[in-house]
>>> print(open('query07.cif').read())   # mmCIF, C-alpha atoms and all ligand atoms
data_upload
loop_
_atom_site.label_atom_id
_atom_site.label_comp_id
_atom_site.auth_asym_id
_atom_site.auth_seq_id
_atom_site.Cartn_x
_atom_site.Cartn_y
_atom_site.Cartn_z
CA MET A 239 45.69 82.00 67.11
CA ALA A 240 41.97 82.08 67.57
CA VAL A 241 41.10 83.36 70.97
CA TYR A 242 39.23 86.57 70.32
CA THR A 243 37.38 86.59 73.64
CA GLN A 244 39.20 85.97 76.91
CA VAL A 245 37.27 84.00 79.51
CA SER A 246 38.37 84.49 83.12
CA ALA A 247 38.80 81.43 85.36
CA GLU A 248 36.07 82.80 87.65
CA ALA A 249 33.56 83.23 84.80
CA LEU A 250 34.37 79.76 83.48
CA ALA A 251 33.97 78.11 86.90
CA ARG A 252 30.57 79.87 87.32
CA PHE A 253 29.57 78.75 83.82
CA LEU A 254 30.53 75.12 84.43
CA ALA A 255 28.63 75.07 87.72
CA GLY A 256 25.44 75.07 85.64
CA PHE A 257 26.36 71.66 84.12
CA GLU A 258 26.82 68.15 85.51
CA VAL A 259 30.42 68.06 84.32
CA GLY A 260 32.49 68.25 87.51
CA GLU A 261 34.74 71.08 88.65
CA LEU A 262 37.13 73.14 86.55
CA VAL A 263 40.69 71.80 86.56
CA SER A 264 42.26 73.75 83.67
CA ALA A 265 41.46 75.71 80.54
CA LYS A 266 43.71 76.55 77.62
CA GLY A 267 43.07 78.69 74.57
CA ILE A 268 43.40 76.68 71.32
CA ALA A 269 45.67 78.25 68.74
CA GLU A 270 44.15 76.59 65.65
CA GLY A 271 41.22 78.01 63.76
CA VAL A 272 40.36 81.52 62.63
CA GLU A 273 36.63 81.82 63.11
CA ASN A 274 35.69 81.27 66.76
CA SER A 275 37.34 81.34 70.19
CA ASN A 276 38.02 77.80 71.42
CA TYR A 277 39.25 76.57 74.79
CA LEU A 278 40.20 73.08 75.84
CA VAL A 279 38.56 72.70 79.25
CA GLU A 280 39.41 69.95 81.69
CA THR A 281 37.16 69.19 84.62
CA THR A 282 37.31 66.60 87.38
CA GLN A 283 35.13 64.40 85.11
CA ASP A 284 36.18 64.89 81.50
CA ARG A 285 37.57 67.14 78.75
CA PHE A 286 35.42 69.54 76.75
CA ILE A 287 35.73 72.19 74.09
CA LEU A 288 34.31 75.57 74.99
CA THR A 289 33.44 77.58 71.89
CA LEU A 290 32.55 81.25 71.90
CA TYR A 291 31.03 82.20 68.57
CA GLU A 292 32.57 85.19 66.88
CA LYS A 293 32.14 87.22 63.69
CA ARG A 294 30.68 84.82 61.09
CA VAL A 295 28.43 82.69 63.30
CA SER A 296 25.16 84.28 64.25
CA ALA A 297 23.43 83.16 67.43
CA GLY A 298 20.19 82.66 65.50
CA ASP A 299 21.82 79.87 63.48
CA LEU A 300 23.05 77.90 66.48
CA PRO A 301 19.83 75.87 66.93
CA TYR A 302 20.24 74.62 63.33
CA PHE A 303 23.90 73.65 63.84
CA LEU A 304 23.18 71.90 67.14
CA ALA A 305 20.17 70.03 65.70
CA LEU A 306 22.36 68.85 62.82
CA LEU A 307 25.10 67.69 65.22
CA ASP A 308 22.54 65.85 67.38
CA HIS A 309 21.07 64.21 64.28
CA LEU A 310 24.47 63.06 62.99
CA ALA A 311 25.64 61.89 66.43
CA ALA A 312 22.44 59.85 66.79
CA THR A 313 23.32 57.97 63.59
CA GLY A 314 26.69 57.03 65.10
CA LEU A 315 28.88 59.47 63.19
CA PRO A 316 31.79 60.90 65.19
CA VAL A 317 30.53 64.46 65.55
CA PRO A 318 30.60 66.38 68.82
CA PRO A 319 27.21 67.29 70.23
CA ALA A 320 26.81 70.29 72.52
CA ILE A 321 26.32 69.46 76.19
CA ALA A 322 23.07 70.57 77.82
CA ASP A 323 23.18 72.19 81.26
CA ARG A 324 21.05 71.08 84.20
CA GLU A 325 18.08 72.94 82.73
CA GLY A 326 18.47 71.33 79.32
CA ARG A 327 19.95 74.41 77.61
CA ALA A 328 22.87 73.96 75.23
CA ILE A 329 23.20 77.57 74.01
CA HIS A 330 24.58 80.09 76.50
CA THR A 331 26.09 83.54 76.74
CA LEU A 332 29.59 83.88 78.16
CA GLU A 333 31.65 87.10 78.27
CA GLY A 334 28.97 88.61 76.04
CA ARG A 335 29.31 86.01 73.27
CA PRO A 336 27.06 83.07 72.36
CA ALA A 337 28.79 79.98 73.74
CA CYS A 338 28.49 76.17 73.85
CA LEU A 339 30.25 73.45 75.77
CA ILE A 340 31.07 70.71 73.27
CA ARG A 341 32.02 67.10 73.71
CA PHE A 342 35.78 66.56 73.20
CA LEU A 343 36.69 64.04 70.51
CA PRO A 344 40.02 62.20 70.26
CA GLY A 345 42.29 62.47 67.24
CA VAL A 346 44.48 65.02 65.51
CA SER A 347 43.95 67.02 62.37
CA LEU A 348 46.43 66.38 59.61
CA SER A 349 48.65 68.81 57.81
CA HIS A 350 49.61 66.39 55.04
CA PRO A 351 46.92 63.72 54.55
CA THR A 352 47.89 60.55 52.71
CA PRO A 353 45.65 58.92 50.06
CA ALA A 354 44.61 56.28 52.65
CA GLN A 355 43.51 59.02 55.04
CA ALA A 356 41.75 60.89 52.24
CA LEU A 357 39.90 57.70 51.33
CA ALA A 358 38.58 57.43 54.90
CA ALA A 359 37.68 61.12 55.02
CA GLY A 360 35.82 60.97 51.69
CA ASP A 361 33.95 57.95 52.98
CA ALA A 362 33.03 59.90 56.14
CA MET A 363 31.62 62.74 54.06
CA GLY A 364 29.54 60.26 52.03
CA ALA A 365 28.25 58.71 55.27
CA MET A 366 27.37 62.17 56.55
CA HIS A 367 25.34 63.00 53.44
CA ALA A 368 23.56 59.65 53.68
CA ALA A 369 22.79 60.37 57.34
CA VAL A 370 21.05 63.68 56.62
CA ALA A 371 18.57 62.14 54.18
CA ASP A 372 15.95 62.39 56.97
CA PHE A 373 17.18 65.64 58.54
CA ASP A 374 14.58 68.34 57.94
CA GLY A 375 16.50 71.42 59.13
CA HIS A 376 17.18 74.11 56.54
CA ARG A 377 19.70 76.92 56.40
CA ASP A 378 20.65 78.99 53.36
CA ASN A 379 24.37 79.01 52.60
CA SER A 380 25.53 82.36 53.98
CA MET A 381 28.78 81.91 51.96
CA GLY A 382 27.11 80.28 48.95
CA GLN A 383 27.46 80.99 45.25
CA ALA A 384 24.93 83.83 45.26
CA THR A 385 26.97 85.71 47.89
CA TRP A 386 30.28 85.73 46.02
CA ARG A 387 29.53 88.63 43.69
CA PRO A 388 28.32 90.90 46.55
CA LEU A 389 31.42 89.93 48.58
CA LEU A 390 33.65 90.70 45.59
CA ASP A 391 31.99 94.12 45.36
CA ARG A 392 32.47 94.72 49.09
CA CYS A 393 36.18 93.85 48.84
CA GLY A 394 36.40 96.14 45.79
CA ALA A 395 39.61 97.55 44.36
CA SER A 396 41.46 96.85 47.63
CA LEU A 397 41.90 93.32 46.28
CA ASP A 398 44.58 94.71 43.99
CA ALA A 399 46.71 95.39 47.07
CA ILE A 400 46.88 91.61 47.52
CA ALA A 401 47.86 91.04 43.88
CA PRO A 402 47.69 93.65 41.08
CA GLY A 403 44.71 92.82 38.83
CA LEU A 404 43.05 90.46 41.33
CA HIS A 405 39.70 92.25 41.37
CA ALA A 406 39.27 92.08 37.60
CA ASP A 407 40.50 88.48 37.46
CA ILE A 408 38.08 87.27 40.13
CA ALA A 409 35.23 89.11 38.40
CA HIS A 410 36.16 87.35 35.15
CA VAL A 411 36.23 83.86 36.68
CA LEU A 412 33.06 84.51 38.64
CA THR A 413 31.18 85.38 35.46
CA ARG A 414 32.13 81.98 34.04
CA ILE A 415 31.15 80.17 37.25
CA GLU A 416 27.80 81.96 37.45
CA ALA A 417 27.02 80.88 33.88
CA ASP A 418 28.04 77.24 34.44
CA TRP A 419 26.87 76.70 38.04
CA PRO A 420 25.08 73.31 38.18
CA ALA A 421 22.19 74.44 40.35
CA HIS A 422 20.11 71.42 39.27
CA LEU A 423 22.22 68.89 41.20
CA ASP A 424 21.07 67.22 44.47
CA ARG A 425 20.88 69.33 47.61
CA CYS A 426 21.11 68.34 51.24
CA ALA A 427 22.60 69.54 54.52
CA ILE A 428 26.33 69.97 53.83
CA HIS A 429 29.32 70.81 56.03
CA ALA A 430 30.68 73.36 53.53
CA ASP A 431 34.10 73.71 55.24
CA LEU A 432 35.46 70.17 55.64
CA PHE A 433 39.14 71.12 55.52
CA PRO A 434 41.78 68.74 56.95
CA ASP A 435 41.74 70.77 60.17
CA ASN A 436 38.07 69.93 60.62
CA VAL A 437 38.61 66.16 60.44
CA LEU A 438 40.20 64.46 63.45
CA MET A 439 42.00 61.18 62.72
CA LEU A 440 43.95 58.47 64.47
CA GLY A 441 46.08 56.74 61.87
CA ASP A 442 43.81 56.09 58.88
CA ARG A 443 40.61 56.22 60.97
CA VAL A 444 38.31 59.24 61.18
CA THR A 445 37.57 59.98 64.85
CA GLY A 446 35.89 63.34 64.51
CA LEU A 447 34.15 65.66 62.07
CA ILE A 448 34.06 69.09 63.68
CA ASP A 449 33.32 72.76 63.10
CA PHE A 450 29.88 72.62 61.51
CA TYR A 451 29.39 76.38 61.71
CA PHE A 452 29.10 76.89 57.95
CA ALA A 453 26.74 73.92 57.57
CA CYS A 454 23.79 74.74 55.34
CA THR A 455 21.50 73.39 52.65
CA ASP A 456 23.37 73.43 49.35
CA LEU A 457 24.59 71.23 46.50
CA ARG A 458 25.74 67.87 47.87
CA LEU A 459 28.63 67.71 45.42
CA TYR A 460 29.79 71.22 46.30
CA ASP A 461 30.68 69.81 49.73
CA LEU A 462 32.98 67.25 48.07
CA ALA A 463 34.42 69.95 45.80
CA VAL A 464 35.29 72.11 48.84
CA MET A 465 36.93 69.08 50.41
CA HIS A 466 38.84 68.30 47.23
CA ALA A 467 40.16 71.85 46.96
CA ALA A 468 41.08 71.93 50.64
CA TRP A 469 42.74 68.51 50.88
CA SER A 470 44.60 67.87 47.67
CA PHE A 471 46.97 70.85 47.54
CA ASP A 472 49.89 72.02 49.62
CA SER A 473 49.31 75.05 51.81
CA THR A 474 50.47 77.46 49.10
CA GLY A 475 48.08 76.08 46.49
CA ARG A 476 50.96 75.48 44.08
CA ASP A 477 51.33 71.71 44.35
CA HIS A 478 48.41 69.43 43.60
CA ASP A 479 48.36 65.88 44.95
CA ALA A 480 46.05 64.12 42.51
CA ALA A 481 46.26 60.83 44.44
CA VAL A 482 44.76 62.49 47.52
CA GLY A 483 42.00 64.11 45.44
CA ASP A 484 41.21 60.81 43.69
CA ALA A 485 41.10 58.97 47.03
CA LEU A 486 38.61 61.48 48.45
CA ILE A 487 36.31 60.91 45.47
CA GLU A 488 36.75 57.14 45.70
CA GLY A 489 35.85 57.10 49.42
CA TYR A 490 32.85 59.35 48.80
CA SER A 491 31.72 57.20 45.87
CA ARG A 492 31.18 54.25 48.20
CA HIS A 493 28.01 56.10 49.23
CA TYR A 494 27.29 58.25 46.18
CA PRO A 495 29.05 57.20 42.95
CA LEU A 496 29.42 60.27 40.74
CA THR A 497 27.22 60.36 37.65
CA ASP A 498 28.61 61.59 34.32
CA ASP A 499 26.70 64.84 34.83
CA GLU A 500 28.32 65.27 38.26
CA ARG A 501 31.80 64.47 36.92
CA GLY A 502 31.25 67.09 34.23
CA ALA A 503 30.24 69.69 36.83
CA PHE A 504 32.95 68.94 39.36
CA ALA A 505 35.57 71.38 38.10
CA THR A 506 33.07 74.25 38.14
CA LEU A 507 32.09 73.40 41.72
CA ALA A 508 35.74 73.23 42.76
CA ALA A 509 36.52 76.50 40.99
CA GLY A 510 33.57 77.94 42.94
CA ALA A 511 35.17 76.68 46.16
CA CYS A 512 38.40 78.46 45.13
CA ILE A 513 36.47 81.70 44.71
CA ARG A 514 34.65 81.27 48.03
CA PHE A 515 37.83 80.82 50.07
CA THR A 516 39.84 83.36 48.11
CA LEU A 517 37.16 85.94 48.83
CA SER A 518 36.56 85.12 52.50
CA ARG A 519 40.30 85.06 53.15
CA ALA A 520 40.80 88.27 51.17
CA TRP A 521 38.07 89.98 53.17
CA ASP A 522 39.77 88.89 56.40
CA TRP A 523 43.18 89.87 55.01
CA LEU A 524 41.95 93.37 54.27
CA ASN A 525 39.91 93.78 57.45
CA THR A 526 41.92 92.07 60.21
CA PRO A 527 44.18 94.50 62.07
CA ALA A 528 47.83 93.44 61.68
CA ASP A 529 48.20 93.15 65.49
CA ALA A 530 45.12 90.88 66.01
CA LEU A 531 45.79 87.58 67.78
CA VAL A 532 44.90 85.52 64.73
CA THR A 533 46.99 84.26 61.85
CA ARG A 534 45.49 85.52 58.61
CA LYS A 535 45.29 82.87 55.89
CA ASP A 536 46.73 83.53 52.45
CA PRO A 537 43.91 84.28 49.96
CA LEU A 538 46.14 83.52 46.98
CA ALA A 539 46.65 79.93 48.14
CA PHE A 540 43.06 79.23 47.03
CA TRP A 541 43.26 81.39 43.96
CA ARG A 542 46.27 79.40 42.65
CA ARG A 543 44.24 76.17 42.79
CA LEU A 544 42.30 77.45 39.77
CA ARG A 545 45.29 76.47 37.65
CA VAL A 546 44.21 72.86 38.23
CA TYR A 547 40.43 73.28 37.99
CA ASP A 548 40.37 75.60 34.95
CA PRO A 549 43.86 75.71 33.38
CA ASN A 550 42.71 77.40 30.18
CA LEU A 551 40.96 80.22 31.95
CA ALA A 552 43.80 80.56 34.50
CA SER A 553 46.34 80.98 31.69
CA LEU A 554 44.46 84.08 30.55
CA LEU A 555 44.54 85.78 33.96
CA LYS A 556 47.11 88.42 34.85
CA THR A 557 47.40 87.11 38.41
CA LEU A 558 47.89 83.44 37.45
CA ALA A 559 49.63 83.41 34.08
N1 LIG B 1 34.98 68.58 69.61
C1 LIG B 1 36.30 68.71 69.54
N2 LIG B 1 37.11 67.75 70.03
C2 LIG B 1 38.46 67.88 69.99
N3 LIG B 1 39.09 68.97 69.51
C3 LIG B 1 38.34 69.97 69.00
C4 LIG B 1 36.92 69.90 68.98
N4 LIG B 1 36.44 71.03 68.44
C5 LIG B 1 37.52 71.79 68.14
N5 LIG B 1 38.67 71.16 68.47
C6 LIG B 1 40.05 71.68 68.33
O1 LIG B 1 39.99 73.08 68.21
C7 LIG B 1 40.57 73.52 66.97
C8 LIG B 1 39.79 74.70 66.42
O2 LIG B 1 38.41 74.34 66.27
P1 LIG B 1 37.55 74.80 65.02
O3 LIG B 1 38.11 74.22 63.77
O4 LIG B 1 36.13 74.50 65.34
O5 LIG B 1 37.83 76.37 65.08
P2 LIG B 1 37.39 77.51 64.07
O6 LIG B 1 37.96 78.80 64.59
O7 LIG B 1 35.92 77.47 63.88
O8 LIG B 1 38.23 77.03 62.81
P3 LIG B 1 38.18 77.24 61.21
O9 LIG B 1 39.23 78.23 60.94
O10 LIG B 1 38.56 75.87 60.69
O11 LIG B 1 36.80 77.64 60.82
C9 LIG B 1 40.51 72.28 66.08
O12 LIG B 1 41.52 72.30 65.09
C10 LIG B 1 40.73 71.15 67.09
O13 LIG B 1 42.12 71.04 67.37
N1 LIG B 2 38.47 76.88 56.33
C1 LIG B 2 38.47 78.28 55.97
C2 LIG B 2 38.13 79.13 57.15
C3 LIG B 2 36.64 79.17 57.33
O1 LIG B 2 36.05 80.10 56.39
C4 LIG B 2 39.81 78.69 55.38
O2 LIG B 2 40.79 77.97 55.54
O3 LIG B 2 39.87 79.75 54.75
#
>>> encode(input="query07.cif", output="structure tokens")
Amino acid sequence: MAVYTQVSAEALARFLAGFEVGELVSAKGIAEGVENSNYLVETTQDRFILTLYEKRVSAGDLPYFLALLDHLAATGLPVPPAIADREGRAIHTLEGRPACLIRFLPGVSLSHPTPAQALAAGDAMGAMHAAVADFDGHRDNSMGQATWRPLLDRCGASLDAIAPGLHADIAHVLTRIEADWPAHLDRCAIHADLFPDNVLMLGDRVTGLIDFYFACTDLRLYDLAVMHAAWSFDSTGRDHDAAVGDALIEGYSRHYPLTDDERGAFATLAAGACIRFTLSRAWDWLNTPADALVTRKDPLAFWRRLRVYDPNLASLLKTLA
């Protein structure tokens, strides 16, 4: 589960007293997620999400994330803005961590999206990219393509404890991706982590896009490639559901039809997404104490997806053959 920082009832009641949100009724740690500590907070007026930002979110980036959320919310997209306190401040410190009180959105995140749900989610991503056309915030991608080689080096030979030969295999694939990376494609503010657990839905309707804490300026189509890799496989990365992947692209294409150039680059972008999540998960796998209150995610689940995005290369790798 992801509650790294415990918040006492007393500290939470004091914190909420600074807002016009009513009195604390209950607070529960939320099990989902690996990055930040999240609580579902109920007051006499409403429900909220309290997020305490942990390892990968730096306090200095919060103004960018909150400005992006405000911008998207103002265009009518279902994203949760942070609530300002009586003095107009949305960014706080609680139990020593940067913290925000966030509007609660209805809906549930799906474990097994259908093509109809993927169509709606792809459409929502397209609408989000259209909505940032006049957003002037900028943030470099702290987990972007240029960071993968240094992260691979930091993980080092320990990767072979996850699967023998993994370090050499990732290095090999990364060399190919670096050579083919389509850096000339359009850039804009992207979500960069729009997994099924970051999309809330009711039936086939998107009711929330959440967890913008990797948002950054990067290739627009890389966002769709991350989504494709995250949505159209089972949790082990072995089974690919092409209908879900196609539906995502179809929904997205209502806003931005893919050009031939973009179609040609898509597999490289998706293979890049596989590397990004293999490496971040591997880093966590190797560096999270076994008794931590968080479920480590399997790095190989993203690595296996390469069999779909680059079957020829995958067949040459010791860890995938
Ligand atoms: N604004 C919101 N409205 C309703 N539920 C929310 C909201 N924000 C977060 N949640 C709930 O909290 C869970 C964890 O939130 P979130 O995905 O932001 O955590 P995280 O640790 O950053 O996760 P990740 O591992 O995906 O990066 C979500 O799956 C969802 O159930
Ligand atoms: N969505 C990511 C966690 C954020 O880096 C994963 O599933 O690995």
>>> axis_aligned_box(input="query07.cif", around="ligand LIG 2 (chain B)", padding_each_side="6 Å", output="AutoDock Vina command-line options")
--center_x 38.4 --center_y 78.5 --center_z 56.0 --size_x 16.7 --size_y 15.2 --size_z 14.6
>>> residues_near_ligand(input="query07.cif", ligand="ligand LIG 2 (chain B)", cutoff="7 Å", atoms="all atoms listed in the file", output="list in words")
Val272, Glu273, Asp431, Phe433, Phe515, Ser518, Arg519 and Lys535 of chain A
>>> residues_around(input="query07.cif", residues="Thr282 (chain A)", least_positions_apart="2", cutoff="9 Å", atoms="all atoms listed in the file", output="list of chain:residue names")
A:Val259, A:Gly260, A:Glu261, A:Leu262, A:Val263, A:Glu280, A:Asp284, A:Arg285
>>> closest_residue(input="query07.cif", among="A:Leu447, A:Leu459, A:Ala312, A:Ala503", to="ligand LIG 1 (chain B)", atoms="only C-alpha atoms and all ligand atoms")
A:Leu447
>>> closest_residue(input="query07.cif", among="A:Ser380, A:Ser246, A:Asn436, A:Ser470", to="ligand LIG 1 (chain B)", atoms="all atoms listed in the file")
A:Asn436
>>> residues_near_ligand(input="query07.cif", ligand="ligand LIG 1 (chain B)", cutoff="7 Å", atoms="all atoms listed in the file", output="count of residues only")
23
>>> residues_near_point(input="query07.cif", point="(27.7, 89.8, 45.4)", cutoff="12 Å", atoms="all atoms listed in the file", output="ChimeraX atom specification")
/A:380-394,408-409,412-413,416,513-514,517
>>> closest_residue(input="query07.cif", among="A:Asp536, A:Asp323, A:Asp308, A:Asp498", to="Thr474 (chain A)", atoms="all atoms listed in the file")
A:Asp536
>>> atom_distance(input="query07.cif", atom1="CA of Lys266 (chain A)", atom2="CA of Gly298 (chain A)")
27.2 Å
>>> residues_around(input="query07.cif", residues="Ala368 (chain A)", least_positions_apart="3", cutoff="12 Å", atoms="all atoms listed in the file", output="JSON, numbers by chain")
{"A": [309, 310, 313, 315, 361, 362, 363, 364, 365, 371, 372, 373, 425, 426, 427, 428, 458, 490, 491, 492, 493, 494]}
>>> write_last_selection(input="query07.cif", atoms="C-alpha atoms", output="mmCIF file, in the coordinates of the input")
data_model
loop_
_atom_site.group_PDB
_atom_site.id
_atom_site.type_symbol
_atom_site.label_atom_id
_atom_site.label_comp_id
_atom_site.auth_asym_id
_atom_site.auth_seq_id
_atom_site.Cartn_x
_atom_site.Cartn_y
_atom_site.Cartn_z
ATOM 1 C CA HIS A 309 21.070 64.210 64.280
ATOM 2 C CA LEU A 310 24.470 63.060 62.990
ATOM 3 C CA THR A 313 23.320 57.970 63.590
ATOM 4 C CA LEU A 315 28.880 59.470 63.190
ATOM 5 C CA ASP A 361 33.950 57.950 52.980
ATOM 6 C CA ALA A 362 33.030 59.900 56.140
ATOM 7 C CA MET A 363 31.620 62.740 54.060
ATOM 8 C CA GLY A 364 29.540 60.260 52.030
ATOM 9 C CA ALA A 365 28.250 58.710 55.270
ATOM 10 C CA ALA A 371 18.570 62.140 54.180
ATOM 11 C CA ASP A 372 15.950 62.390 56.970
ATOM 12 C CA PHE A 373 17.180 65.640 58.540
ATOM 13 C CA ARG A 425 20.880 69.330 47.610
ATOM 14 C CA CYS A 426 21.110 68.340 51.240
ATOM 15 C CA ALA A 427 22.600 69.540 54.520
ATOM 16 C CA ILE A 428 26.330 69.970 53.830
ATOM 17 C CA ARG A 458 25.740 67.870 47.870
ATOM 18 C CA TYR A 490 32.850 59.350 48.800
ATOM 19 C CA SER A 491 31.720 57.200 45.870
ATOM 20 C CA ARG A 492 31.180 54.250 48.200
ATOM 21 C CA HIS A 493 28.010 56.100 49.230
ATOM 22 C CA TYR A 494 27.290 58.250 46.180
#
>>> decode(input="query07.cif", residues="region 330-389 of chain A", atoms="C-alpha atoms", output="CSV table (one decimal), in the first residue's frame")
chain,number,residue,atom,x,y,z
A,330,HIS,CA,1.4,23.0,2.5
A,331,THR,CA,3.7,21.1,4.7
A,332,LEU,CA,2.2,18.3,6.8
A,333,GLU,CA,4.2,15.8,9.0
A,334,GLY,CA,7.3,17.2,7.3
A,335,ARG,CA,6.2,16.4,3.7
A,336,PRO,CA,4.8,18.7,1.0
A,337,ALA,CA,1.1,18.2,1.0
A,338,CYS,CA,-2.1,19.2,-0.9
A,339,LEU,CA,-5.8,18.8,-0.3
A,340,ILE,CA,-7.3,17.7,-3.6
A,341,ARG,CA,-10.9,17.6,-4.8
A,342,PHE,CA,-12.3,14.1,-4.7
A,343,LEU,CA,-13.6,12.8,-8.1
A,344,PRO,CA,-16.2,10.0,-8.5
A,345,GLY,CA,-15.4,6.9,-10.4
A,346,VAL,CA,-13.3,3.8,-10.1
A,347,SER,CA,-10.1,2.8,-11.9
A,348,LEU,CA,-10.3,-0.3,-14.0
A,349,SER,CA,-8.2,-3.4,-13.8
A,350,HIS,CA,-9.4,-4.8,-17.1
A,351,PRO,CA,-10.5,-2.0,-19.5
A,352,THR,CA,-12.7,-2.9,-22.4
A,353,PRO,CA,-12.2,-1.5,-25.9
A,354,ALA,CA,-15.2,0.9,-25.3
A,355,GLN,CA,-13.6,2.2,-22.1
A,356,ALA,CA,-10.2,2.5,-23.9
A,357,LEU,CA,-11.9,4.5,-26.7
A,358,ALA,CA,-13.2,7.0,-24.1
A,359,ALA,CA,-9.9,7.1,-22.3
A,360,GLY,CA,-8.0,7.7,-25.6
A,361,ASP,CA,-10.4,10.5,-26.4
A,362,ALA,CA,-9.8,12.0,-23.0
A,363,MET,CA,-6.1,12.1,-23.6
A,364,GLY,CA,-6.6,13.8,-27.0
A,365,ALA,CA,-8.9,16.4,-25.3
A,366,MET,CA,-6.2,17.0,-22.7
A,367,HIS,CA,-3.5,17.6,-25.3
A,368,ALA,CA,-5.9,20.0,-27.1
A,369,ALA,CA,-6.6,21.8,-23.9
A,370,VAL,CA,-2.9,22.5,-23.2
A,371,ALA,CA,-2.3,24.3,-26.5
A,372,ASP,CA,-2.4,27.6,-24.6
A,373,PHE,CA,-0.8,26.4,-21.4
A,374,ASP,CA,2.6,28.1,-21.1
A,375,GLY,CA,4.1,26.1,-18.1
A,376,HIS,CA,7.2,24.1,-18.8
A,377,ARG,CA,8.8,21.2,-17.0
A,378,ASP,CA,11.5,18.9,-18.3
A,379,ASN,CA,10.7,15.2,-18.2
A,380,SER,CA,12.5,14.0,-15.1
A,381,MET,CA,11.9,10.4,-16.3
A,382,GLY,CA,12.4,11.2,-20.0
A,383,GLN,CA,14.4,9.5,-22.7
A,384,ALA,CA,17.6,11.3,-21.8
A,385,THR,CA,17.4,9.9,-18.2
A,386,TRP,CA,17.2,6.2,-19.0
A,387,ARG,CA,20.8,5.6,-19.7
A,388,PRO,CA,21.9,7.3,-16.4
A,389,LEU,CA,19.2,5.3,-14.6
